[in-house]
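Next comes target19.cif, with mmCIF, C-alpha atoms.
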data_protein
loop_
_atom_site.label_atom_id
_atom_site.label_comp_id
_atom_site.auth_asym_id
_atom_site.auth_seq_id
_atom_site.Cartn_x
_atom_site.Cartn_y
_atom_site.Cartn_z
CA MET A 1 99.38 88.73 97.56
CA SER A 2 100.68 88.31 101.10
CA SER A 3 100.47 92.02 101.75
CA ASP A 4 96.69 92.00 101.17
CA ILE A 5 94.48 91.51 104.16
CA ILE A 6 92.31 88.45 103.76
CA SER A 7 89.25 88.83 105.92
CA TYR A 8 87.68 86.16 108.06
CA THR A 9 84.75 85.74 105.66
CA ASP A 10 87.09 85.79 102.63
CA LEU A 11 89.02 82.90 104.15
CA ILE A 12 85.85 80.88 104.76
CA ARG A 13 84.78 81.54 101.17
CA ALA A 14 88.21 80.48 99.87
CA VAL A 15 87.97 77.20 101.78
CA GLY A 16 84.49 76.76 100.31
CA ASP A 17 85.84 77.30 96.78
CA LEU A 18 88.51 74.71 97.45
CA ILE A 19 85.96 72.18 98.73
CA VAL A 20 83.92 72.62 95.56
CA ARG A 21 87.03 72.11 93.41
CA VAL A 22 87.97 68.97 95.36
CA ASP A 23 84.44 67.62 94.87
CA VAL A 24 84.67 68.22 91.14
CA LEU A 25 88.07 66.49 90.99
CA SER A 26 86.78 63.58 93.11
CA THR A 27 84.17 62.60 90.55
CA GLU A 28 86.97 61.85 88.08
CA PHE A 29 87.61 58.74 90.19
CA ASP A 30 85.20 56.01 91.21
CA PRO A 31 84.38 55.82 94.91
CA GLY A 32 86.67 53.41 96.71
CA VAL A 33 89.73 53.68 94.47
CA PRO A 34 92.88 54.81 96.31
CA LYS A 35 93.11 58.30 94.80
CA ARG A 36 89.47 58.89 95.50
CA LEU A 37 89.80 57.72 99.11
CA ILE A 38 92.56 60.25 99.65
CA LEU A 39 90.42 63.01 98.16
CA ASP A 40 87.49 61.97 100.36
CA ASP A 41 89.69 62.31 103.44
CA ILE A 42 90.92 65.69 102.26
CA ARG A 43 87.35 66.79 101.70
CA ASP A 44 86.40 65.74 105.22
CA ASP A 45 89.35 67.65 106.66
CA LEU A 46 88.48 70.78 104.68
CA ASP A 47 84.87 70.49 105.83
CA VAL A 48 85.89 70.25 109.49
CA PHE A 49 88.31 73.14 109.00
CA GLN A 50 85.62 75.34 107.48
CA ARG A 51 83.12 74.51 110.23
CA LYS A 52 85.70 75.42 112.88
CA LEU A 53 86.38 78.71 111.12
CA VAL A 54 82.67 79.55 111.00
CA ARG A 55 82.33 78.80 114.71
CA ALA A 56 85.28 80.98 115.64
CA TYR A 57 85.17 84.66 114.74
CA PHE A 58 88.72 86.00 114.68
CA ASP A 59 90.80 88.88 113.47
CA THR A 60 92.93 87.91 110.48
CA THR A 61 95.24 90.89 110.92
CA THR A 62 97.02 89.73 114.07
CA PRO A 63 100.58 88.78 113.01
CA GLN A 64 100.51 85.07 113.88
CA ILE A 65 97.12 84.47 112.33
CA LYS A 66 97.87 86.65 109.31
CA SER A 67 100.98 84.62 108.60
CA LYS A 68 98.94 81.39 108.50
CA VAL A 69 96.14 82.97 106.48
CA ASP A 70 98.67 84.29 103.97
CA SER A 71 100.24 80.84 103.70
CA LEU A 72 96.82 79.33 103.07
CA SER A 73 96.15 81.91 100.41
CA ASN A 74 99.47 81.19 98.68
CA ILE A 75 98.95 77.43 98.78
CA ASN A 76 95.42 77.91 97.49
CA SER A 77 96.80 79.86 94.52
CA GLU A 78 99.14 76.96 93.76
CA ILE A 79 96.30 74.46 93.99
CA LYS A 80 94.20 76.47 91.55
CA LYS A 81 96.99 76.16 88.98
CA THR A 82 96.96 72.35 88.97
CA ILE A 83 93.66 71.03 90.29
CA SER A 84 91.94 70.92 86.90
CA ASP A 85 94.81 68.96 85.35
CA LEU A 86 94.66 65.25 86.16
CA ASP A 87 98.27 64.85 85.02
CA LYS A 88 99.29 67.08 87.90
CA PHE A 89 97.33 65.12 90.48
CA THR A 90 100.35 64.37 92.67
CA LYS A 91 101.34 68.01 92.81
CA THR A 92 97.73 68.97 93.63
CA LEU A 93 97.60 66.38 96.39
CA GLU A 94 100.84 67.64 97.94
CA GLN A 95 99.47 71.16 98.04
CA LEU A 96 96.12 70.05 99.44
CA VAL A 97 97.85 68.20 102.26
CA LYS A 98 99.97 71.26 102.92
CA PHE A 99 96.84 73.42 102.99
CA ILE A 100 95.25 71.19 105.60
CA GLU A 101 98.40 71.16 107.72
CA VAL A 102 98.57 74.95 107.75
CA GLY A 103 94.83 75.05 108.41
CA GLN A 104 95.29 72.85 111.46
CA GLU A 105 98.05 75.14 112.69
CA LEU A 106 95.71 78.09 112.25
CA VAL A 107 92.93 76.39 114.19
CA LYS A 108 95.29 76.01 117.16
CA LEU A 109 95.74 79.78 117.21
CA LEU A 110 92.04 80.59 117.17
CA PRO A 111 90.29 82.06 120.17
CA VAL A 112 87.71 80.04 122.01
CA PRO A 113 84.37 80.34 120.22
CA LEU A 114 82.32 82.50 120.04
CA SER A 115 79.76 85.15 120.07
CA LEU A 116 79.19 88.33 118.20
CA ARG A 117 81.10 89.97 121.04
CA SER A 118 84.46 90.01 119.30
CA ALA A 119 82.86 91.32 116.14
CA LEU A 120 80.92 93.97 118.00
CA LEU A 121 83.99 95.24 119.76
CA VAL A 122 85.95 95.75 116.56
CA MET B 1 78.16 104.00 96.69
CA ARG B 2 74.84 105.23 95.41
CA LEU B 3 72.25 102.68 94.51
CA THR B 4 70.59 102.73 91.13
CA PRO B 5 67.54 104.97 91.23
CA ASN B 6 64.43 102.88 91.52
CA PHE B 7 61.63 105.16 92.52
CA SER B 8 58.28 103.53 93.02
CA SER B 9 55.27 105.66 92.17
CA GLY B 10 54.54 105.91 95.91
CA SER B 11 58.03 107.13 96.61
CA LYS B 12 57.86 109.67 93.82
CA LEU B 13 54.61 110.96 95.23
CA ALA B 14 56.09 111.16 98.72
CA PHE B 15 59.09 112.98 97.33
CA LEU B 16 56.90 115.50 95.51
CA VAL B 17 54.71 116.07 98.54
CA VAL B 18 57.68 116.66 100.77
CA THR B 19 59.32 118.92 98.22
CA VAL B 20 56.19 121.03 97.94
CA PHE B 21 55.88 121.25 101.72
CA MET B 22 59.49 122.22 102.09
CA LEU B 23 59.30 124.85 99.40
CA ALA B 24 56.25 126.22 101.16
CA GLY B 25 58.31 126.50 104.31
CA CYS B 26 56.18 124.08 106.32
CA PRO B 27 57.54 122.48 109.44
CA LYS B 28 58.73 118.89 109.05
CA PRO B 29 57.60 116.74 111.94
CA ALA B 30 56.51 113.91 109.63
CA LEU B 31 59.24 114.28 107.08
CA TYR B 32 60.71 110.89 107.81
CA ARG B 33 57.43 109.08 108.01
CA GLU B 34 57.21 107.44 104.60
CA PRO B 35 60.84 106.25 104.34
CA ILE B 36 60.95 105.17 107.97
CA VAL B 37 57.75 103.19 107.73
CA ARG B 38 59.14 101.44 104.67
CA TYR B 39 62.56 101.00 106.29
CA GLN B 40 60.92 99.42 109.32
CA GLN B 41 58.74 97.10 107.21
CA ALA B 42 61.72 95.96 105.14
CA SER B 43 63.85 95.57 108.29
CA THR B 44 61.25 93.30 109.80
CA VAL B 45 61.45 91.02 106.77
CA VAL B 46 65.25 91.00 106.64
CA ILE B 47 65.57 90.38 110.37
CA GLU B 48 63.06 87.55 110.08
CA GLY B 49 65.14 86.17 107.21
CA ALA B 50 68.24 86.22 109.41
CA ARG B 51 66.34 84.53 112.25
CA THR B 52 65.24 81.80 109.85
CA GLU B 53 68.78 81.29 108.59
CA TYR B 54 70.14 81.05 112.12
CA GLY B 55 67.35 78.68 113.05
CA LEU B 56 68.18 76.36 110.15
CA ALA B 57 71.96 76.54 110.45
CA ASN B 58 72.51 73.72 112.92
CA SER B 59 69.86 71.41 111.48
CA ARG B 60 71.52 71.75 108.08
CA GLU B 61 74.83 70.78 109.64
CA TYR B 62 73.24 67.76 111.28
CA ASP B 63 71.61 66.72 108.02
CA SER B 64 74.87 67.01 106.18
CA LEU B 65 76.89 65.13 108.79
CA LEU B 66 74.30 62.38 109.20
CA ASN B 67 74.17 61.90 105.44
CA ALA B 68 77.96 61.69 105.35
CA HIS B 69 77.92 59.03 108.07
CA LEU B 70 75.25 57.12 106.22
CA ALA B 71 77.19 57.24 102.97
CA LYS B 72 80.28 55.85 104.68
CA ARG B 73 78.36 53.47 106.94
CA GLU B 74 80.13 55.06 109.91
CA ARG B 75 79.06 54.62 113.52
CA ILE B 76 77.35 57.51 115.24
CA SER B 77 77.73 58.10 118.96
CA LEU B 78 75.90 60.63 121.06
CA SER B 79 79.16 61.62 122.74
CA GLU B 80 80.45 62.64 119.34
CA ILE B 81 77.36 64.75 118.77
CA ASP B 82 77.46 66.18 122.29
CA LYS B 83 81.01 67.47 121.83
CA GLY B 84 79.42 70.34 119.96
CA ASP B 85 81.50 69.96 116.83
CA TRP B 86 78.38 69.12 114.88
CA ARG B 87 76.93 72.54 115.50
CA VAL B 88 77.98 75.50 113.45
CA ILE B 89 76.59 77.89 116.07
CA SER B 90 76.63 77.07 119.77
CA ALA B 91 73.51 77.60 121.87
CA ASP B 92 75.11 80.59 123.63
CA ALA B 93 76.25 82.16 120.39
CA LEU B 94 72.77 81.65 118.95
CA ALA B 95 71.26 83.44 121.95
CA VAL B 96 73.54 86.42 121.35
CA ARG B 97 72.50 86.58 117.73
CA MET B 98 68.81 86.41 118.54
CA SER B 99 69.28 89.18 121.11
CA ALA B 100 71.13 91.28 118.54
CA LEU B 101 68.28 90.83 116.06
CA ASP B 102 65.82 91.74 118.79
CA ALA B 103 67.73 94.95 119.52
CA LEU B 104 67.69 95.85 115.82
CA THR B 105 63.95 95.17 115.66
CA LYS B 106 63.26 97.33 118.68
CA HIS B 107 65.44 100.11 117.31
CA GLY B 108 63.38 100.08 114.10
CA LYS B 109 60.17 100.17 116.11
CA LEU B 110 61.47 103.14 118.06
CA LEU B 111 62.14 105.03 114.84
CA LEU B 112 58.68 104.12 113.60
CA ALA B 113 57.05 105.29 116.82
CA LEU B 114 58.92 108.58 116.64
CA ALA B 115 58.16 109.10 112.96
CA SER B 116 54.56 108.04 112.84
CA SER B 117 53.20 109.31 116.10
CA ASP B 118 52.99 112.61 117.83
CA ALA B 119 52.18 110.79 121.02
CA PRO B 120 55.23 110.92 123.25
CA ASP B 121 53.96 107.96 125.25
CA ARG B 122 54.24 105.65 122.29
CA ALA B 123 57.81 106.70 121.62
CA LYS B 124 58.65 106.36 125.29
CA ASP B 125 57.32 102.81 125.30
CA ALA B 126 59.36 102.00 122.21
CA ALA B 127 62.46 103.45 123.86
CA ASN B 128 61.84 101.31 126.93
CA SER B 129 61.36 98.29 124.73
CA LEU B 130 64.72 98.94 123.05
CA ASP B 131 66.23 99.34 126.50
CA ASP B 132 64.94 95.89 127.45
CA ALA B 133 66.33 94.42 124.24
CA VAL B 134 69.74 95.96 124.93
CA LYS B 135 69.68 94.48 128.43
CA GLY B 136 68.88 91.10 126.86
CA LEU B 137 71.78 91.48 124.44
CA ARG B 138 74.16 92.39 127.23
CA LEU B 139 72.99 89.48 129.32
CA SER B 140 73.52 86.98 126.54
CA LEU B 141 76.92 88.48 125.76
CA ASN B 142 77.91 88.18 129.38
CA ASN B 143 76.66 84.62 129.58
CA ASN B 144 78.75 83.83 126.60
CA THR B 145 82.11 85.32 127.47
CA ALA B 146 83.93 87.25 130.17
CA PRO B 147 81.36 89.27 132.10
CA ASP B 148 83.67 92.17 132.85
CA THR B 149 84.09 93.26 129.25
CA VAL B 150 81.85 96.13 128.29
CA ASP B 151 80.15 95.78 124.96
CA ALA B 152 80.63 98.93 122.93
CA LYS B 153 77.62 98.50 120.71
CA ALA B 154 75.20 97.72 123.51
CA THR B 155 76.47 100.77 125.35
CA ALA B 156 75.84 102.91 122.29
CA PHE B 157 72.26 101.65 122.18
CA ALA B 158 71.80 102.47 125.86
CA GLY B 159 72.88 106.04 125.08
CA VAL B 160 70.23 106.21 122.37
CA VAL B 161 67.53 105.16 124.81
CA ALA B 162 68.48 107.77 127.41
CA GLU B 163 68.66 110.63 124.92
CA VAL B 164 65.47 109.71 123.10
CA THR B 165 63.53 109.30 126.33
CA LYS B 166 64.69 112.73 127.49
CA LEU B 167 63.77 114.42 124.20
CA THR B 168 60.47 112.59 124.04
CA LEU B 169 59.54 113.80 127.50
CA GLU B 170 60.35 117.29 126.32
CA ALA B 171 58.05 116.66 123.34
CA LYS B 172 60.95 117.31 120.95
CA ILE B 173 59.95 114.47 118.68
CA GLN B 174 61.77 115.61 115.56
CA LYS B 175 64.97 116.07 117.54
CA ALA B 176 64.46 112.73 119.24
CA LEU B 177 64.14 111.05 115.86
CA ASP B 178 67.31 112.69 114.57
CA SER B 179 69.06 111.66 117.74
CA ALA B 180 67.78 108.07 117.65
CA ILE B 181 69.21 107.70 114.16
CA LYS B 182 72.47 109.58 114.59
CA SER B 183 73.50 108.22 117.96
CA SER B 184 72.82 104.61 117.02
CA GLU B 185 74.85 104.77 113.83
CA SER B 186 77.75 102.60 114.98
CA ALA B 187 75.57 100.25 117.03
CA VAL B 188 73.10 99.50 114.25
CA GLU B 189 75.69 99.33 111.51
CA GLY B 190 78.05 97.22 113.63
CA LEU B 191 75.29 94.72 114.27
CA ILE B 192 74.18 94.65 110.65
CA VAL B 193 77.74 94.02 109.44
CA SER B 194 78.27 91.26 112.01
CA ILE B 195 75.04 89.52 111.07
CA LYS B 196 75.83 89.99 107.39
CA ASP B 197 79.16 88.21 107.90
CA ASP B 198 77.35 85.41 109.69
CA MET B 199 74.96 85.05 106.78
CA ALA B 200 77.87 84.91 104.32
CA ASN B 201 79.50 82.17 106.38
CA LEU B 202 76.30 80.17 106.69
CA TYR B 203 75.86 80.51 102.95
CA GLU B 204 79.29 78.92 102.53
CA ARG B 205 78.24 75.99 104.70
CA ARG B 206 75.14 75.63 102.55
CA ARG B 207 77.27 75.70 99.39
CA ASN B 208 79.55 73.07 100.90
CA SER B 209 76.58 70.82 101.61
CA LEU B 210 75.10 71.22 98.12
CA SER B 211 78.48 70.51 96.55
CA LEU B 212 78.59 67.25 98.52
CA SER B 213 75.09 66.38 97.29
CA ARG B 214 76.20 66.93 93.70
CA LYS B 215 79.17 64.66 94.21
CA SER B 216 77.06 61.96 95.87
CA ALA B 217 74.51 62.08 93.06
CA VAL B 218 77.17 61.63 90.38
CA ASP B 219 78.84 58.88 92.43
CA ALA B 220 75.62 56.92 92.66
CA TYR B 221 75.23 56.94 88.89
CA ASN B 222 78.89 56.08 88.21
CA LEU B 223 78.83 53.28 90.77
CA GLU B 224 75.85 51.69 89.08
CA LEU B 225 77.74 51.85 85.80
CA THR B 226 80.52 49.75 87.32
CA GLN B 227 78.08 46.86 87.91
CA LYS B 228 78.37 43.92 85.55
CA ILE B 229 74.87 44.60 84.30
CA PRO B 230 73.81 48.12 85.30
CA ASP B 231 70.20 48.30 86.38
CA ALA B 232 68.35 50.57 83.94
CA GLU B 233 65.82 51.69 86.55
CA LYS B 234 68.52 52.53 89.05
CA LEU B 235 70.40 54.48 86.42
CA LYS B 236 67.25 56.47 85.61
CA LYS B 237 66.72 57.17 89.29
CA ASN B 238 70.35 58.22 89.65
CA ILE B 239 70.01 60.58 86.70
CA SER B 240 67.00 62.15 88.38
CA GLY B 241 69.13 62.56 91.49
CA ILE B 242 71.80 64.35 89.46
CA LYS B 243 69.19 66.62 87.90
CA LYS B 244 67.81 67.51 91.31
CA ALA B 245 71.29 68.20 92.71
CA GLU B 246 72.13 70.40 89.73
CA GLU B 247 68.87 72.31 90.09
CA ASP B 248 69.63 72.92 93.75
CA TRP B 249 73.15 73.97 92.85
CA ASP B 250 71.92 76.41 90.20
CA GLY B 251 69.31 77.69 92.63
CA LEU B 252 71.96 78.40 95.23
CA GLN B 253 72.14 82.00 94.08
CA LEU B 254 68.51 82.41 95.04
CA MET B 255 69.14 81.03 98.50
CA LEU B 256 71.27 83.84 99.75
CA GLY B 257 69.14 84.19 102.83
CA ALA B 258 69.19 87.57 104.45
CA GLY B 259 72.68 88.50 103.22
CA PRO B 260 71.82 90.85 100.33
CA GLY B 261 68.96 92.30 102.36
CA LEU B 262 71.38 93.19 105.12
CA ASP B 263 73.59 94.94 102.57
CA ALA B 264 70.60 97.00 101.45
CA MET B 265 69.60 97.58 105.07
CA LEU B 266 73.07 98.90 105.81
CA GLN B 267 72.89 101.26 102.82
CA ALA B 268 69.43 102.45 103.81
CA HIS B 269 70.49 103.00 107.40
CA GLN B 270 73.54 104.94 106.26
CA GLU B 271 71.23 107.18 104.23
CA LEU B 272 68.98 107.62 107.25
CA VAL B 273 71.99 108.79 109.24
CA VAL B 274 73.10 111.13 106.45
CA TYR B 275 69.58 112.51 106.28
CA ALA B 276 69.32 112.95 110.04
CA LYS B 277 72.54 114.95 109.98
CA SER B 278 71.61 116.93 106.86
CA PRO B 279 69.79 120.26 106.50
CA LYS B 280 67.00 118.08 105.02
CA ASN B 281 66.75 119.54 101.58
CA PRO B 282 64.95 117.70 98.74
CA GLN B 283 68.19 116.22 97.40
CA ASP B 284 68.97 114.67 100.80
CA PHE B 285 65.47 113.26 100.90
CA SER B 286 65.63 111.80 97.40
CA GLU B 287 68.83 109.93 98.28
CA LEU B 288 67.17 108.53 101.37
CA VAL B 289 64.12 107.44 99.38
CA GLU B 290 66.37 105.83 96.79
CA ALA B 291 68.21 103.74 99.37
CA VAL B 292 64.99 102.74 101.12
CA ASP B 293 63.47 101.72 97.77
CA ALA B 294 66.44 99.46 97.09
CA PHE B 295 66.08 98.03 100.58
CA VAL B 296 62.37 97.34 100.10
CA SER B 297 63.08 95.58 96.76
CA SER B 298 65.67 93.41 98.43
CA ALA B 299 63.34 92.62 101.32
CA THR B 300 60.63 91.52 98.89
CA VAL B 301 62.98 88.89 97.46
CA ILE B 302 63.87 87.76 100.96
CA ALA B 303 60.21 87.44 101.93
CA ASP B 304 59.78 84.96 99.06
CA SER B 305 62.93 83.15 100.07
CA ILE B 306 61.70 82.80 103.67
CA LYS B 307 58.46 81.24 102.41
CA VAL B 308 60.46 78.69 100.43
CA LEU B 309 62.73 77.93 103.38
CA ARG B 310 59.81 77.47 105.73
CA SER B 311 57.90 75.29 103.33
CA GLY B 312 60.94 73.02 103.22
CA LYS B 313 61.25 73.31 99.46
CA GLU B 314 64.75 74.75 99.46
#

Just dump the structure as structure tokens.
Amino acid sequence: MSSDIISYTDLIRAVGDLIVRVDVLSTEFDPGVPKRLILDDIRDDLDVFQRKLVRAYFDTTTPQIKSKVDSLSNINSEIKKTISDLDKFTKTLEQLVKFIEVGQELVKLLPVPLSLRSALLV
Amino acid sequence: MRLTPNFSSGSKLAFLVVTVFMLAGCPKPALYREPIVRYQQASTVVIEGARTEYGLANSREYDSLLNAHLAKRERISLSEIDKGDWRVISADALAVRMSALDALTKHGKLLLALASSDAPDRAKDAANSLDDAVKGLRLSLNNNTAPDTVDAKATAFAGVVAEVTKLTLEAKIQKALDSAIKSSESAVEGLIVSIKDDMANLYERRRNSLSLSRKSAVDAYNLELTQKIPDAEKLKKNISGIKKAEEDWDGLQLMLGAGPGLDAMLQAHQELVVYAKSPKNPQDFSELVEAVDAFVSSATVIADSIKVLRSGKE
């Protein structure tokens, strides 16, 4: 999987898929209970992450960025394996936190936003 | 990839007429007319769709964030809003996008002027208009980032303008049309792809927001159930909220904005380029007509979608 190039829009879509999955999982818990509060925070972080990605056009093939994008893709694959299984909630949570951490590392690498300029010059 | 044949009766007629003319060895000054007129009409719709999507992008973000604050009873400060994080497209970036759409519009108008008129003046005016649009695009690009970087796509457009103006002055309209299409290939297609990516990303933000609405609707119902004596009226209202959220969620596929239209526009433009470069035999023409038909179908859907967006019923 890591050898595949994940495009900028693919990454944004993948984060979107994850947000939808987290929302679905969240409704298994009543608002305000501890597990739900954690999921709400994770949802907020994913939302901010996605908005930052949309604001910042970037090339996912540059080595540093590609490494982070690949990590996100791998973690996402792990999350998909467990997120529908409530018995594996802890494992899912660990991976979600990891996803956000790597996402934050990626954001630090992103160029200053943004215009169509970078896209036009490709 | 070839699109599924979808000839309208008008297109079939145009195809037959052109075939007959070609077999008869007639000259072909108006050969492009029908597909270019339709390409231009569909482009106008798709570009308008993209403008609408861009125009709504930030207000959707605001709505979503304000609703989230309301749900959590969180404070709102103007400094937080002013930081710019609440916008999904900055004002400068929005200006670039509007300029890019303007350049695409003017390019389409230039093709239309060249295809539908034998009057060189009209084509010259259209070329000048594209030139102005390109200057606007460059200006907004330069306002947005480092001014010393040359924009490849804007430069390509400028080349189109110079060549077309020259050929138009020489009254070589057919050649000017070929040139306007061929030499703008990378500029037009680069812009379409960039805008298409934008639309895909804005769609994701929309999906994100609707997913949150679904969750909130279900939460409201479940929360009422946790009350000692759940209020039957509130429960009914909450169920209606869930139904509405689910309808919106299911309707998401219909709210693709200009994205699919831009795909079809790209295909149609690629066929225009192929045709401009071709010896212009009937087979080349039928492929062009096919792509333009698909583009027009897509634009029709977008036109309906724009009406819905503007009426606030999305």

Chain B residues near chain A (9 Å cut-off, all atoms listed in the file) as JSON, numbers by chain: {"B": [85, 86, 87, 88, 89, 90, 92, 93, 94, 95, 96, 97, 100, 141, 144, 145, 150, 151, 152, 153, 154, 187, 190, 191, 193, 194, 195, 197, 198, 200, 201, 202, 204, 205, 207, 208, 211, 212, 214, 215, 216, 218, 219, 222, 223, 226]}

Just the number, please: distance in Å from CA of Tyr32 in chain B to CA of Phe285 in chain B, one decimal. 8.7 Å

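Rounded to one decimal, CA of Thr300 in chain B and CA of Ala127 in chain B lie 27.7 Å from each other.
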
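Note that the spacing between CA of Leu78 in chain B and CA of Glu61 in chain B amounts to 15.3 Å.
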
With distances taken over all atoms listed in the file, which of B:Leu252, B:Ala176, B:Ala123, B:Ser209 is nearest to Ser59 in chain B? B:Ser209

Test item: axis-aligned box, all listed atoms of range 70-82 of chain A, 3 Å on each side, centre and edges in Å rounded to one decimal, as JSON:
{"center_x": 97.2, "center_y": 78.3, "center_z": 96.5, "size_x": 12.0, "size_y": 17.9, "size_z": 21.0}

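Considering all atoms listed in the file, the residue among B:Ala232, B:Ala68, B:Gly241, B:Val46 positioned nearest to Lys196 in chain B is B:Val46.
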
Report the residues retrieved by the PyMOL selection byres ((chain A and resi 5) around 12) from the displayed file, expressed as a compact mmCIF listing (two decimals) with C-alpha atoms, keeping the file's coordinate frame.
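Result file follows (expr_5.txt):
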# COMPACT_ATOMS: atom_id res chain seq x y z
CA MET A 1 99.38 88.73 97.56
CA SER A 2 100.68 88.31 101.10
CA SER A 3 100.47 92.02 101.75
CA ASP A 4 96.69 92.00 101.17
CA ILE A 6 92.31 88.45 103.76
CA SER A 7 89.25 88.83 105.92
CA TYR A 8 87.68 86.16 108.06
CA THR A 9 84.75 85.74 105.66
CA ASP A 10 87.09 85.79 102.63
CA LEU A 11 89.02 82.90 104.15
CA ASP A 59 90.80 88.88 113.47
CA THR A 60 92.93 87.91 110.48
CA THR A 61 95.24 90.89 110.92
CA THR A 62 97.02 89.73 114.07
CA PRO A 63 100.58 88.78 113.01
CA ILE A 65 97.12 84.47 112.33
CA LYS A 66 97.87 86.65 109.31
CA SER A 67 100.98 84.62 108.60
CA LYS A 68 98.94 81.39 108.50
CA VAL A 69 96.14 82.97 106.48
CA ASP A 70 98.67 84.29 103.97
CA SER A 73 96.15 81.91 100.41

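Shortest separation to Ser99 in chain B among B:Glu80, B:Asp132, B:Glu189, B:Asp63 occurs at residue B:Asp132, atoms counted being all atoms listed in the file.
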
Take the PyMOL selection byres ((chain A and resi 91-102) around 9), run it mentally on this structure, and tell me the resulting residues as a ChimeraX atom specification. /A:38-39,42,45-46,49,68-69,71-73,75-76,78-83,85-90,103-107

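Using the PyMOL selection byres ((chain B and resi 174) around 8) on this structure selects Lys28, Pro29, Leu114, Ala115, Lys172, Ile173, Lys175, Ala176, Leu177 and Asp178 of chain B.
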
Need to verify the contact set: Ile192 in chain B, 12 Å, all atoms listed in the file, exclusion of same-chain residues closer than 6 positions in sequence. Can you return it as a PyMOL selection string? (chain A and resi 116+119-120) or (chain B and resi 43+46-47+50+97+100-101+103-105+153+184-186+198-199+258-270)
